[in-house]
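Listing of query.cif; format and content: mmCIF, C-alpha atoms.
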data_start
#
loop_
_atom_site.group_PDB
_atom_site.id
_atom_site.type_symbol
_atom_site.label_atom_id
_atom_site.label_comp_id
_atom_site.auth_asym_id
_atom_site.auth_seq_id
_atom_site.Cartn_x
_atom_site.Cartn_y
_atom_site.Cartn_z
ATOM 1 C CA MET F 1300 -36.628 44.790 71.121
ATOM 2 C CA LYS F 1301 -37.459 48.485 70.779
ATOM 3 C CA THR F 1302 -40.952 49.660 69.863
ATOM 4 C CA VAL F 1303 -43.016 52.845 70.101
ATOM 5 C CA GLN F 1304 -46.244 52.753 72.076
ATOM 6 C CA ALA F 1305 -48.746 54.787 74.076
ATOM 7 C CA GLN F 1306 -50.947 53.783 76.983
ATOM 8 C CA ARG F 1307 -53.599 56.325 75.981
ATOM 9 C CA LEU F 1308 -54.702 58.153 72.841
ATOM 10 C CA GLY F 1309 -54.918 61.894 72.398
ATOM 11 C CA SER F 1310 -51.454 63.328 71.735
ATOM 12 C CA PHE F 1311 -48.285 62.323 69.939
ATOM 13 C CA ALA F 1312 -46.492 63.273 73.156
ATOM 14 C CA ASP F 1313 -48.047 60.162 74.745
ATOM 15 C CA TYR F 1314 -45.815 57.930 72.579
ATOM 16 C CA HIS F 1315 -42.472 56.700 73.880
ATOM 17 C CA PHE F 1316 -39.844 54.077 73.135
ATOM 18 C CA THR F 1317 -40.445 50.867 75.058
ATOM 19 C CA HIS F 1318 -38.397 47.681 75.251
ATOM 20 C CA VAL F 1319 -40.426 44.485 74.902
ATOM 21 C CA PRO F 1320 -39.519 40.844 74.253
ATOM 22 C CA ALA F 1321 -38.871 40.089 70.589
ATOM 23 C CA PRO F 1322 -41.841 38.308 68.982
ATOM 24 C CA VAL F 1323 -41.641 34.619 68.132
ATOM 25 C CA PRO F 1324 -43.542 33.486 65.021
ATOM 26 C CA GLY F 1325 -46.259 30.965 65.711
ATOM 27 C CA ALA F 1326 -47.690 28.429 63.298
ATOM 28 C CA GLY F 1327 -48.545 30.117 60.014
ATOM 29 C CA GLU F 1328 -46.672 33.300 60.927
ATOM 30 C CA VAL F 1329 -43.615 35.125 59.591
ATOM 31 C CA LEU F 1330 -41.165 37.133 61.682
ATOM 32 C CA VAL F 1331 -40.244 40.262 59.726
ATOM 33 C CA LYS F 1332 -37.248 42.402 60.633
ATOM 34 C CA VAL F 1333 -38.538 45.920 59.924
ATOM 35 C CA ALA F 1334 -36.422 48.153 57.696
ATOM 36 C CA ALA F 1335 -39.031 50.886 57.180
ATOM 37 C CA CYS F 1336 -42.628 51.659 58.049
ATOM 38 C CA GLY F 1337 -45.026 53.722 55.956
ATOM 39 C CA VAL F 1338 -46.665 56.637 57.800
ATOM 40 C CA GLY F 1339 -49.885 58.107 56.442
ATOM 41 C CA TYR F 1340 -52.613 60.515 57.487
ATOM 42 C CA ALA F 1341 -54.692 57.622 58.818
ATOM 43 C CA ASP F 1342 -51.801 56.508 61.036
ATOM 44 C CA GLY F 1343 -51.831 59.925 62.662
ATOM 45 C CA LEU F 1344 -55.610 59.856 63.152
ATOM 46 C CA ILE F 1345 -55.447 56.407 64.739
ATOM 47 C CA ALA F 1346 -52.566 57.430 66.985
ATOM 48 C CA LEU F 1347 -54.613 60.398 68.226
ATOM 49 C CA GLY F 1348 -57.779 58.338 68.718
ATOM 50 C CA ARG F 1349 -59.649 60.251 66.006
ATOM 51 C CA TYR F 1350 -60.146 57.395 63.544
ATOM 52 C CA GLN F 1351 -63.499 55.693 63.020
ATOM 53 C CA VAL F 1352 -62.087 52.512 64.598
ATOM 54 C CA LYS F 1353 -60.264 52.850 67.934
ATOM 55 C CA PRO F 1354 -57.185 50.606 68.418
ATOM 56 C CA PRO F 1355 -56.638 48.520 71.559
ATOM 57 C CA LEU F 1356 -54.165 49.804 74.149
ATOM 58 C CA PRO F 1357 -51.261 49.978 74.420
ATOM 59 C CA HIS F 1358 -51.148 51.211 70.830
ATOM 60 C CA VAL F 1359 -48.157 50.840 68.522
ATOM 61 C CA PRO F 1360 -48.602 52.894 65.307
ATOM 62 C CA GLY F 1361 -47.906 51.605 61.816
ATOM 63 C CA MET F 1362 -50.006 49.540 59.398
ATOM 64 C CA GLU F 1363 -47.499 48.568 56.704
ATOM 65 C CA VAL F 1364 -43.810 47.735 56.748
ATOM 66 C CA ALA F 1365 -41.000 46.678 54.474
ATOM 67 C CA GLY F 1366 -38.106 44.522 55.609
ATOM 68 C CA TRP F 1367 -36.794 41.006 55.390
ATOM 69 C CA VAL F 1368 -37.864 37.618 56.655
ATOM 70 C CA GLU F 1369 -36.086 36.757 59.912
ATOM 71 C CA ALA F 1370 -37.791 33.429 60.689
ATOM 72 C CA LEU F 1371 -40.750 31.287 59.670
ATOM 73 C CA GLY F 1372 -43.354 29.633 61.853
ATOM 74 C CA ALA F 1373 -44.499 26.067 61.297
ATOM 75 C CA GLY F 1374 -46.322 25.415 58.054
ATOM 76 C CA VAL F 1375 -45.200 28.536 56.174
ATOM 77 C CA THR F 1376 -44.112 27.917 52.594
ATOM 78 C CA GLY F 1377 -43.123 30.122 49.669
ATOM 79 C CA LEU F 1378 -40.855 32.374 51.781
ATOM 80 C CA ALA F 1379 -37.339 31.991 53.156
ATOM 81 C CA PRO F 1380 -35.191 33.828 55.704
ATOM 82 C CA GLY F 1381 -33.569 36.836 54.045
ATOM 83 C CA ASP F 1382 -36.379 37.465 51.548
ATOM 84 C CA SER F 1383 -37.270 41.136 51.091
ATOM 85 C CA VAL F 1384 -40.981 41.616 51.776
ATOM 86 C CA ILE F 1385 -43.826 43.978 52.539
ATOM 87 C CA ALA F 1386 -46.412 43.181 55.184
ATOM 88 C CA ALA F 1387 -49.687 44.485 56.539
ATOM 89 C CA VAL F 1388 -49.212 44.735 60.296
ATOM 90 C CA ARG F 1389 -50.538 46.037 63.562
ATOM 91 C CA GLY F 1390 -47.728 47.917 65.206
ATOM 92 C CA GLY F 1391 -45.128 48.701 62.561
ATOM 93 C CA PHE F 1392 -43.199 51.169 64.732
ATOM 94 C CA ALA F 1393 -41.083 48.288 66.008
ATOM 95 C CA GLU F 1394 -37.816 46.561 65.203
ATOM 96 C CA ALA F 1395 -39.606 43.305 64.330
ATOM 97 C CA VAL F 1396 -43.164 42.051 63.876
ATOM 98 C CA ALA F 1397 -44.734 38.592 63.685
ATOM 99 C CA VAL F 1398 -47.548 38.533 61.130
ATOM 100 C CA PRO F 1399 -49.737 35.936 59.394
ATOM 101 C CA ALA F 1400 -48.066 34.617 56.269
ATOM 102 C CA GLN F 1401 -50.990 35.710 54.085
ATOM 103 C CA ALA F 1402 -50.218 39.327 55.029
ATOM 104 C CA VAL F 1403 -46.667 39.077 53.620
ATOM 105 C CA LEU F 1404 -45.599 39.510 50.000
ATOM 106 C CA PRO F 1405 -42.123 39.402 48.432
ATOM 107 C CA ILE F 1406 -40.956 42.555 46.662
ATOM 108 C CA PRO F 1407 -38.959 42.755 43.418
ATOM 109 C CA PRO F 1408 -35.188 43.401 43.596
ATOM 110 C CA ARG F 1409 -35.527 46.820 41.956
ATOM 111 C CA MET F 1410 -37.796 48.080 44.786
ATOM 112 C CA SER F 1411 -36.163 49.830 47.743
ATOM 113 C CA PHE F 1412 -37.444 49.432 51.286
ATOM 114 C CA ALA F 1413 -38.355 53.145 51.307
ATOM 115 C CA GLN F 1414 -40.501 52.667 48.188
ATOM 116 C CA ALA F 1415 -42.006 49.457 49.507
ATOM 117 C CA ALA F 1416 -42.893 50.780 52.975
ATOM 118 C CA GLY F 1417 -45.477 53.179 51.567
ATOM 119 C CA PHE F 1418 -46.754 50.965 48.758
ATOM 120 C CA ARG F 1419 -49.354 48.581 50.104
ATOM 121 C CA VAL F 1420 -52.071 50.889 51.467
ATOM 122 C CA ASN F 1421 -51.838 53.698 48.926
ATOM 123 C CA TYR F 1422 -51.488 51.676 45.747
ATOM 124 C CA LEU F 1423 -54.116 49.140 46.774
ATOM 125 C CA THR F 1424 -56.503 52.003 47.591
ATOM 126 C CA ALA F 1425 -55.879 53.587 44.218
ATOM 127 C CA LEU F 1426 -56.242 50.417 42.153
ATOM 128 C CA HIS F 1427 -59.332 49.277 44.062
ATOM 129 C CA GLY F 1428 -60.891 52.692 43.571
ATOM 130 C CA LEU F 1429 -60.064 53.102 39.894
ATOM 131 C CA ARG F 1430 -60.599 49.517 38.742
ATOM 132 C CA ASP F 1431 -63.250 48.045 41.040
ATOM 133 C CA ARG F 1432 -65.285 51.079 42.078
ATOM 134 C CA ALA F 1433 -64.999 53.513 39.159
ATOM 135 C CA LEU F 1434 -64.498 50.947 36.375
ATOM 136 C CA LEU F 1435 -62.043 53.399 34.819
ATOM 137 C CA ALA F 1436 -61.626 52.729 31.089
ATOM 138 C CA ALA F 1437 -58.777 53.616 28.741
ATOM 139 C CA GLY F 1438 -59.378 56.993 27.111
ATOM 140 C CA GLU F 1439 -61.410 58.409 29.991
ATOM 141 C CA ARG F 1440 -60.409 61.562 31.874
ATOM 142 C CA LEU F 1441 -59.357 61.151 35.480
ATOM 143 C CA LEU F 1442 -59.133 64.087 37.904
ATOM 144 C CA VAL F 1443 -56.990 63.361 40.971
ATOM 145 C CA PHE F 1444 -57.157 65.582 44.050
ATOM 146 C CA GLY F 1445 -54.206 65.651 46.437
ATOM 147 C CA ALA F 1446 -52.180 64.426 43.485
ATOM 148 C CA ALA F 1447 -48.802 64.878 45.185
ATOM 149 C CA GLY F 1448 -49.728 62.962 48.337
ATOM 150 C CA GLY F 1449 -49.177 59.261 48.867
ATOM 151 C CA VAL F 1450 -52.512 57.965 47.603
ATOM 152 C CA GLY F 1451 -52.860 60.785 45.080
ATOM 153 C CA VAL F 1452 -49.618 60.058 43.238
ATOM 154 C CA ALA F 1453 -50.544 56.351 43.278
ATOM 155 C CA ALA F 1454 -53.809 57.221 41.499
ATOM 156 C CA VAL F 1455 -51.915 59.405 39.019
ATOM 157 C CA GLN F 1456 -49.492 56.614 38.150
ATOM 158 C CA LEU F 1457 -52.073 53.845 37.984
ATOM 159 C CA GLY F 1458 -54.559 55.989 36.055
ATOM 160 C CA ARG F 1459 -51.924 56.615 33.413
ATOM 161 C CA LEU F 1460 -51.019 52.906 33.301
ATOM 162 C CA MET F 1461 -54.712 52.124 32.768
ATOM 163 C CA GLY F 1462 -54.803 54.426 29.755
ATOM 164 C CA ALA F 1463 -56.622 57.411 31.255
ATOM 165 C CA GLU F 1464 -55.899 61.075 30.576
ATOM 166 C CA VAL F 1465 -54.832 62.261 34.034
ATOM 167 C CA ILE F 1466 -55.406 65.733 35.468
ATOM 168 C CA ALA F 1467 -53.605 66.423 38.744
ATOM 169 C CA ALA F 1468 -55.134 68.907 41.177
ATOM 170 C CA ALA F 1469 -52.661 70.248 43.744
ATOM 171 C CA SER F 1470 -52.230 73.370 45.833
ATOM 172 C CA SER F 1471 -48.765 74.554 44.779
ATOM 173 C CA GLU F 1472 -46.590 74.696 41.701
ATOM 174 C CA ALA F 1473 -44.087 72.320 43.311
ATOM 175 C CA ARG F 1474 -46.795 69.772 44.059
ATOM 176 C CA ARG F 1475 -48.238 70.041 40.558
ATOM 177 C CA ALA F 1476 -44.740 69.565 39.099
ATOM 178 C CA PHE F 1477 -44.268 66.459 41.275
ATOM 179 C CA ALA F 1478 -47.518 64.969 39.951
ATOM 180 C CA ALA F 1479 -46.544 65.788 36.380
ATOM 181 C CA ALA F 1480 -43.155 64.135 36.865
ATOM 182 C CA HIS F 1481 -44.986 60.951 37.897
ATOM 183 C CA GLY F 1482 -47.373 60.731 34.990
ATOM 184 C CA ALA F 1483 -50.052 63.442 35.060
ATOM 185 C CA HIS F 1484 -50.843 64.813 31.611
ATOM 186 C CA HIS F 1485 -52.200 68.106 32.947
ATOM 187 C CA ALA F 1486 -52.242 69.969 36.248
ATOM 188 C CA ILE F 1487 -54.660 72.405 37.832
ATOM 189 C CA ASP F 1488 -54.540 74.567 40.960
ATOM 190 C CA THR F 1489 -57.098 74.385 43.776
ATOM 191 C CA ASP F 1490 -58.130 78.053 44.026
ATOM 192 C CA PRO F 1491 -61.961 77.926 44.065
ATOM 193 C CA ALA F 1492 -62.329 81.219 42.141
ATOM 194 C CA GLY F 1493 -62.964 80.328 38.500
ATOM 195 C CA TRP F 1494 -61.834 76.741 39.111
ATOM 196 C CA ARG F 1495 -64.624 75.026 37.151
ATOM 197 C CA GLU F 1496 -63.915 77.171 34.103
ATOM 198 C CA ARG F 1497 -60.200 76.319 34.223
ATOM 199 C CA LEU F 1498 -61.025 72.613 34.570
ATOM 200 C CA LYS F 1499 -63.461 72.783 31.657
ATOM 201 C CA ALA F 1500 -60.781 74.365 29.483
ATOM 202 C CA LEU F 1501 -58.327 71.576 30.386
ATOM 203 C CA CYS F 1502 -60.993 69.052 29.399
ATOM 204 C CA GLY F 1503 -61.569 70.617 25.996
ATOM 205 C CA GLY F 1504 -64.956 72.035 26.962
ATOM 206 C CA ALA F 1505 -66.175 68.850 28.697
ATOM 207 C CA GLY F 1506 -65.270 67.480 32.147
ATOM 208 C CA PRO F 1507 -63.740 64.488 33.904
ATOM 209 C CA ASP F 1508 -65.207 60.991 33.708
ATOM 210 C CA VAL F 1509 -63.837 60.076 37.144
ATOM 211 C CA ASN F 1510 -62.849 62.161 40.176
ATOM 212 C CA PHE F 1511 -60.476 60.506 42.648
ATOM 213 C CA ASP F 1512 -60.931 62.468 45.856
ATOM 214 C CA PRO F 1513 -59.024 61.757 49.097
ATOM 215 C CA LEU F 1514 -59.706 65.336 50.253
ATOM 216 C CA CYS F 1515 -63.456 66.005 49.873
ATOM 217 C CA GLY F 1516 -62.681 69.642 50.605
ATOM 218 C CA PRO F 1517 -64.058 72.941 49.232
ATOM 219 C CA LEU F 1518 -63.923 71.711 45.623
ATOM 220 C CA PHE F 1519 -65.979 68.576 46.316
ATOM 221 C CA GLU F 1520 -69.280 69.890 44.941
ATOM 222 C CA PRO F 1521 -67.742 71.915 42.057
ATOM 223 C CA ALA F 1522 -65.854 68.790 40.996
ATOM 224 C CA PHE F 1523 -69.002 66.663 41.093
ATOM 225 C CA ARG F 1524 -70.871 69.292 39.065
ATOM 226 C CA SER F 1525 -68.039 69.185 36.509
ATOM 227 C CA LEU F 1526 -68.401 65.463 35.779
ATOM 228 C CA VAL F 1527 -69.628 64.411 32.349
ATOM 229 C CA TRP F 1528 -72.798 62.369 31.989
ATOM 230 C CA GLY F 1529 -72.276 59.010 33.658
ATOM 231 C CA GLY F 1530 -69.309 60.254 35.677
ATOM 232 C CA ARG F 1531 -68.124 58.743 38.954
ATOM 233 C CA HIS F 1532 -66.817 60.621 41.996
ATOM 234 C CA LEU F 1533 -64.710 58.448 44.301
ATOM 235 C CA VAL F 1534 -64.846 59.353 47.998
ATOM 236 C CA VAL F 1535 -61.487 58.167 49.328
ATOM 237 C CA GLY F 1536 -61.065 60.278 52.461
ATOM 238 C CA PHE F 1537 -61.776 63.572 54.207
ATOM 239 C CA VAL F 1538 -58.385 65.198 54.584
ATOM 240 C CA GLY F 1539 -59.751 68.510 53.253
ATOM 241 C CA GLY F 1540 -61.685 69.538 56.364
ATOM 242 C CA PRO F 1541 -65.302 69.120 57.516
ATOM 243 C CA ILE F 1542 -67.181 66.336 55.730
ATOM 244 C CA PRO F 1543 -69.189 67.981 52.913
ATOM 245 C CA ALA F 1544 -72.749 67.305 51.778
ATOM 246 C CA LEU F 1545 -74.083 66.957 48.233
ATOM 247 C CA PRO F 1546 -77.582 67.873 46.996
ATOM 248 C CA VAL F 1547 -79.125 64.569 45.955
ATOM 249 C CA ASN F 1548 -80.578 66.025 42.776
ATOM 250 C CA LEU F 1549 -77.075 66.355 41.303
ATOM 251 C CA PRO F 1550 -76.421 62.611 40.800
ATOM 252 C CA LEU F 1551 -79.837 62.368 39.154
ATOM 253 C CA MET F 1552 -79.295 65.286 36.778
ATOM 254 C CA LYS F 1553 -75.762 64.198 35.865
ATOM 255 C CA GLY F 1554 -76.511 60.483 35.665
ATOM 256 C CA ALA F 1555 -73.474 60.319 37.942
ATOM 257 C CA ALA F 1556 -72.450 58.191 40.910
ATOM 258 C CA LEU F 1557 -70.922 59.038 44.278
ATOM 259 C CA VAL F 1558 -68.867 55.965 45.179
ATOM 260 C CA GLY F 1559 -67.073 55.095 48.422
ATOM 261 C CA VAL F 1560 -63.580 53.562 48.474
ATOM 262 C CA ASP F 1561 -62.650 51.825 51.749
ATOM 263 C CA VAL F 1562 -59.484 49.780 51.404
ATOM 264 C CA ARG F 1563 -59.690 48.464 54.979
ATOM 265 C CA GLN F 1564 -63.031 46.774 54.344
ATOM 266 C CA PHE F 1565 -61.972 45.727 50.840
ATOM 267 C CA GLN F 1566 -59.127 43.723 52.385
ATOM 268 C CA LEU F 1567 -61.487 42.360 55.038
ATOM 269 C CA TYR F 1568 -64.275 41.198 52.720
ATOM 270 C CA GLU F 1569 -62.320 40.509 49.502
ATOM 271 C CA ALA F 1570 -58.926 39.400 50.794
ATOM 272 C CA ALA F 1571 -58.067 37.141 47.838
ATOM 273 C CA ARG F 1572 -58.880 39.863 45.310
ATOM 274 C CA ALA F 1573 -56.865 42.425 47.272
ATOM 275 C CA ARG F 1574 -53.851 40.109 47.284
ATOM 276 C CA ARG F 1575 -54.152 39.581 43.506
ATOM 277 C CA HIS F 1576 -54.187 43.350 43.026
ATOM 278 C CA LEU F 1577 -51.013 43.710 45.094
ATOM 279 C CA GLU F 1578 -49.248 40.860 43.300
ATOM 280 C CA GLU F 1579 -50.134 42.405 39.942
ATOM 281 C CA MET F 1580 -48.816 45.838 40.921
ATOM 282 C CA LEU F 1581 -45.600 44.404 42.384
ATOM 283 C CA ALA F 1582 -45.098 42.610 39.077
ATOM 284 C CA TRP F 1583 -45.459 45.983 37.317
ATOM 285 C CA VAL F 1584 -42.754 47.369 39.617
ATOM 286 C CA GLY F 1585 -40.510 44.403 38.789
ATOM 287 C CA GLU F 1586 -41.053 45.010 35.078
ATOM 288 C CA GLY F 1587 -40.233 48.705 35.423
ATOM 289 C CA ARG F 1588 -43.740 49.807 34.398
ATOM 290 C CA LEU F 1589 -44.484 51.293 37.812
ATOM 291 C CA GLN F 1590 -41.959 53.282 39.833
ATOM 292 C CA PRO F 1591 -43.458 54.398 43.157
ATOM 293 C CA PRO F 1592 -41.734 57.412 44.697
ATOM 294 C CA ALA F 1593 -40.375 57.300 48.226
ATOM 295 C CA GLY F 1594 -41.533 60.158 50.416
ATOM 296 C CA ARG F 1595 -39.605 62.050 53.066
ATOM 297 C CA GLU F 1596 -37.738 59.736 55.422
ATOM 298 C CA PHE F 1597 -37.446 60.124 59.196
ATOM 299 C CA ALA F 1598 -35.104 58.280 61.551
ATOM 300 C CA PHE F 1599 -36.685 55.907 64.095
ATOM 301 C CA GLN F 1600 -36.151 58.360 66.968
ATOM 302 C CA GLU F 1601 -38.078 60.989 64.981
ATOM 303 C CA PHE F 1602 -41.320 58.979 65.107
ATOM 304 C CA GLY F 1603 -43.323 61.894 66.525
ATOM 305 C CA ALA F 1604 -42.150 64.261 63.806
ATOM 306 C CA ALA F 1605 -42.977 61.614 61.181
ATOM 307 C CA LEU F 1606 -46.570 61.343 62.439
ATOM 308 C CA GLU F 1607 -46.962 65.121 62.533
ATOM 309 C CA PHE F 1608 -45.497 65.508 59.030
ATOM 310 C CA ALA F 1609 -47.762 62.787 57.617
ATOM 311 C CA MET F 1610 -50.784 64.749 58.858
ATOM 312 C CA SER F 1611 -49.500 68.138 57.668
ATOM 313 C CA GLY F 1612 -50.360 67.729 53.992
ATOM 314 C CA LYS F 1613 -46.880 68.977 53.070
ATOM 315 C CA GLY F 1614 -45.332 65.687 51.999
ATOM 316 C CA LEU F 1615 -44.636 64.525 48.468
ATOM 317 C CA GLY F 1616 -45.533 60.842 48.347
ATOM 318 C CA LYS F 1617 -45.911 58.810 51.536
ATOM 319 C CA THR F 1618 -43.837 59.533 54.634
ATOM 320 C CA VAL F 1619 -41.398 56.794 55.666
ATOM 321 C CA LEU F 1620 -40.000 55.938 59.112
ATOM 322 C CA ARG F 1621 -36.569 54.281 58.862
ATOM 323 C CA ILE F 1622 -36.184 51.610 61.514
ATOM 324 C CA ALA F 1623 -33.268 49.361 60.493
#
Take the structure in this file and express it as structure tokens.
Amino acid sequence: MKTVQAQRLGSFADYHFTHVPAPVPGAGEVLVKVAACGVGYADGLIALGRYQVKPPLPHVPGMEVAGWVEALGAGVTGLAPGDSVIAAVRGGFAEAVAVPAQAVLPIPPRMSFAQAAGFRVNYLTALHGLRDRALLAAGERLLVFGAAGGVGVAAVQLGRLMGAEVIAAASSEARRAFAAAHGAHHAIDTDPAGWRERLKALCGGAGPDVNFDPLCGPLFEPAFRSLVWGGRHLVVGFVGGPIPALPVNLPLMKGAALVGVDVRQFQLYEAARARRHLEEMLAWVGEGRLQPPAGREFAFQEFGAALEFAMSGKGLGKTVLRIA
């Protein structure tokens, strides 16, 4: 079986194809033949050894895959060989993976492997942030930064489904158009000059109720200052550069909250709730209420380019590595 791995962390050039024995599912495990693997910014950070948690070596990138069930270990029920599934994995840059059955979910027939490969992490992050952390209510205004990226467009789509008025913040006209095509009611640029005034005009003289922020870049503090009374600013990531600071008097004066969103720990500490969220969203896909976009696809041999592209900030939606 072919997989991609590195014996050390530090450069994408350290990763190479390696042939290893095909995995055999143990009791309670599912063998998944991998069709596609989602590739996000965090995958690149982990591969370079820059993430907050260092992986064991040798490291095989990839945290989520889509494919079909190849075989079942003892005691696994509710799945059958040939079923199309998504799975949370360690080492998705591989032709097959053996994973615990609780990490596997069937996908609806209308969902392609390319759509499914980038679904689990981004859409679970967005729903956990908007529903559990921000308590987003219908009729509220939601500002989404990085609205054309994988997690950003997920927040745009889910915010609209939850009844919010969605404002997409993105750096180019093409990226703003992409967010609008996937449900944003309004769009705004990210030029700091006069940005708060333009946002206020979009909000009819007020401001957002919730900021969904996977960037935490130069507009972090202006966005927080723009919140209405009782607003919530979701810290989802730090793709926008150095980690910013916020004067602590601002939450007091605004009656506002700065709230962290960590999907990794959410799945660790609230696994049953996380699975319910995923099942609910997959049902929405099956019903046609949610149509996740598939990002740019790379062939398996282009794994290095896929990692670099996922970290570039140029993608629309989540990058996908085609494996089978």
Translate the PyMOL selection byres ((chain F and resi 1392) around 9), as applied to the file shown, into an explicit residue set as an mmCIF file with C-alpha atoms, in the coordinates of the input.
data_model
loop_
_atom_site.group_PDB
_atom_site.id
_atom_site.type_symbol
_atom_site.label_atom_id
_atom_site.label_comp_id
_atom_site.auth_asym_id
_atom_site.auth_seq_id
_atom_site.Cartn_x
_atom_site.Cartn_y
_atom_site.Cartn_z
ATOM 1 C CA LYS F 1301 -37.459 48.485 70.779
ATOM 2 C CA THR F 1302 -40.952 49.660 69.863
ATOM 3 C CA VAL F 1303 -43.016 52.845 70.101
ATOM 4 C CA GLN F 1304 -46.244 52.753 72.076
ATOM 5 C CA VAL F 1333 -38.538 45.920 59.924
ATOM 6 C CA ALA F 1335 -39.031 50.886 57.180
ATOM 7 C CA CYS F 1336 -42.628 51.659 58.049
ATOM 8 C CA VAL F 1359 -48.157 50.840 68.522
ATOM 9 C CA PRO F 1360 -48.602 52.894 65.307
ATOM 10 C CA GLY F 1361 -47.906 51.605 61.816
ATOM 11 C CA MET F 1362 -50.006 49.540 59.398
ATOM 12 C CA VAL F 1364 -43.810 47.735 56.748
ATOM 13 C CA GLY F 1390 -47.728 47.917 65.206
ATOM 14 C CA GLY F 1391 -45.128 48.701 62.561
ATOM 15 C CA ALA F 1393 -41.083 48.288 66.008
ATOM 16 C CA GLU F 1394 -37.816 46.561 65.203
ATOM 17 C CA ALA F 1395 -39.606 43.305 64.330
ATOM 18 C CA PHE F 1599 -36.685 55.907 64.095
ATOM 19 C CA PHE F 1602 -41.320 58.979 65.107
ATOM 20 C CA LEU F 1620 -40.000 55.938 59.112
ATOM 21 C CA ILE F 1622 -36.184 51.610 61.514
#
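Picture a line from atom CA of Gly1482 of chain F to atom CA of Phe1537 of chain F; it runs 24.2 Å.
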Listing only residues of segment 1463-1514 of chain F within 12 Å of segment 1550-1571 of chain F, what is the closest atom pair and its distance in Å (to one decimal) for each, using all atoms listed in the file, sorted by chain and residue number ascending, as CSV?
residue,atom,partner,partner_atom,distance
F:Gly1506,CA,F:Lys1553,CA,11.6
F:Pro1507,CA,F:Ala1555,CA,11.3
F:Asp1508,CA,F:Ala1555,CA,9.3
F:Val1509,CA,F:Ala1556,CA,9.6
F:Asn1510,CA,F:Leu1557,CA,9.6
F:Phe1511,CA,F:Val1560,CA,9.6
F:Asp1512,CA,F:Val1560,CA,9.7
F:Pro1513,CA,F:Val1560,CA,9.4
Report, in Å to a single decimal, how far apart atom CA of Arg1419 of chain F and atom CA of Ala1479 of chain F are.
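It comes out at 22.2 Å.
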Could you give me, as a PDB file with C-alpha atoms, in the frame of the given file, the residues that have an atom at most 10 Å away from the point (-37.5, 56.7, 47.6) in the coordinates of the file, using all atoms listed in the file?
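Written out: point06.pdb:
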ATOM      1  CA  MET F1410     -37.796  48.080  44.786  1.00  0.00           C
ATOM      2  CA  SER F1411     -36.163  49.830  47.743  1.00  0.00           C
ATOM      3  CA  PHE F1412     -37.444  49.432  51.286  1.00  0.00           C
ATOM      4  CA  ALA F1413     -38.355  53.145  51.307  1.00  0.00           C
ATOM      5  CA  GLN F1414     -40.501  52.667  48.188  1.00  0.00           C
ATOM      6  CA  ALA F1415     -42.006  49.457  49.507  1.00  0.00           C
ATOM      7  CA  ALA F1416     -42.893  50.780  52.975  1.00  0.00           C
ATOM      8  CA  GLY F1417     -45.477  53.179  51.567  1.00  0.00           C
ATOM      9  CA  GLN F1590     -41.959  53.282  39.833  1.00  0.00           C
ATOM     10  CA  PRO F1591     -43.458  54.398  43.157  1.00  0.00           C
ATOM     11  CA  PRO F1592     -41.734  57.412  44.697  1.00  0.00           C
ATOM     12  CA  ALA F1593     -40.375  57.300  48.226  1.00  0.00           C
ATOM     13  CA  GLY F1594     -41.533  60.158  50.416  1.00  0.00           C
ATOM     14  CA  ARG F1595     -39.605  62.050  53.066  1.00  0.00           C
ATOM     15  CA  GLU F1596     -37.738  59.736  55.422  1.00  0.00           C
ATOM     16  CA  GLY F1616     -45.533  60.842  48.347  1.00  0.00           C
ATOM     17  CA  LYS F1617     -45.911  58.810  51.536  1.00  0.00           C
ATOM     18  CA  THR F1618     -43.837  59.533  54.634  1.00  0.00           C
ATOM     19  CA  VAL F1619     -41.398  56.794  55.666  1.00  0.00           C
TER      20      VAL F1619
END
List, as number ranges by chain, every residue that the PyMOL selection byres ((chain F and resi 1474) around 12) selects in the file provided.
F: 1444-1449, 1451-1452, 1467-1473, 1475-1481, 1483, 1486-1489, 1612-1616
Of the residues F:Ile1385, F:Leu1426, F:Ala1522, F:Leu1501, which is the one nearest to Pro1407 of chain F, using all atoms listed in the file?
F:Ile1385
Name the residues captured by the PyMOL selection byres ((chain F and resi 1423) around 10) when it is applied to the shown file; answer as a ChimeraX atom specification.
/F:1418-1422,1424-1429,1450,1453-1454,1562-1563,1565-1566,1573-1574,1576-1577,1580
May I ask for the distance between atom CA of Val1323 of chain F and atom CA of Ala1397 of chain F, given in Å to one decimal place?
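Between atom CA of Val1323 of chain F and atom CA of Ala1397 of chain F the gap works out to 6.7 Å.
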Hey, which of F:Pro1380, F:Pro1324, F:Leu1526, F:Ile1345 ends up closest to Ser1310 of chain F? Count only C-alpha atoms.
F:Ile1345
Which residue is closest to Gly1493 of chain F? Choose from F:Gly1372, F:Gly1337, F:Pro1521, F:Pro1355 and count only C-alpha atoms.
F:Pro1521
Please list as a ChimeraX atom specification every residue within 9 Å of Leu1514 of chain F, counting all atoms listed in the file and excluding residues in the same chain fewer than 2 positions away.
/F:1444-1445,1512,1516-1519,1534-1540
Leaving out Val1319 of chain F and any residue of its chain fewer than 2 positions from it, which residues lie within 7 Å of it when counting only C-alpha atoms, given as an MDAnalysis selection string?
chainID F and resid 1300:1301 1317 1321
Keeping C-alpha atoms, export the residues of the selection given above as a compact mmCIF listing (two decimals), keeping the file's coordinate frame.
# COMPACT_ATOMS: atom_id res chain seq x y z
CA MET F 1300 -36.63 44.79 71.12
CA LYS F 1301 -37.46 48.48 70.78
CA THR F 1317 -40.44 50.87 75.06
CA ALA F 1321 -38.87 40.09 70.59
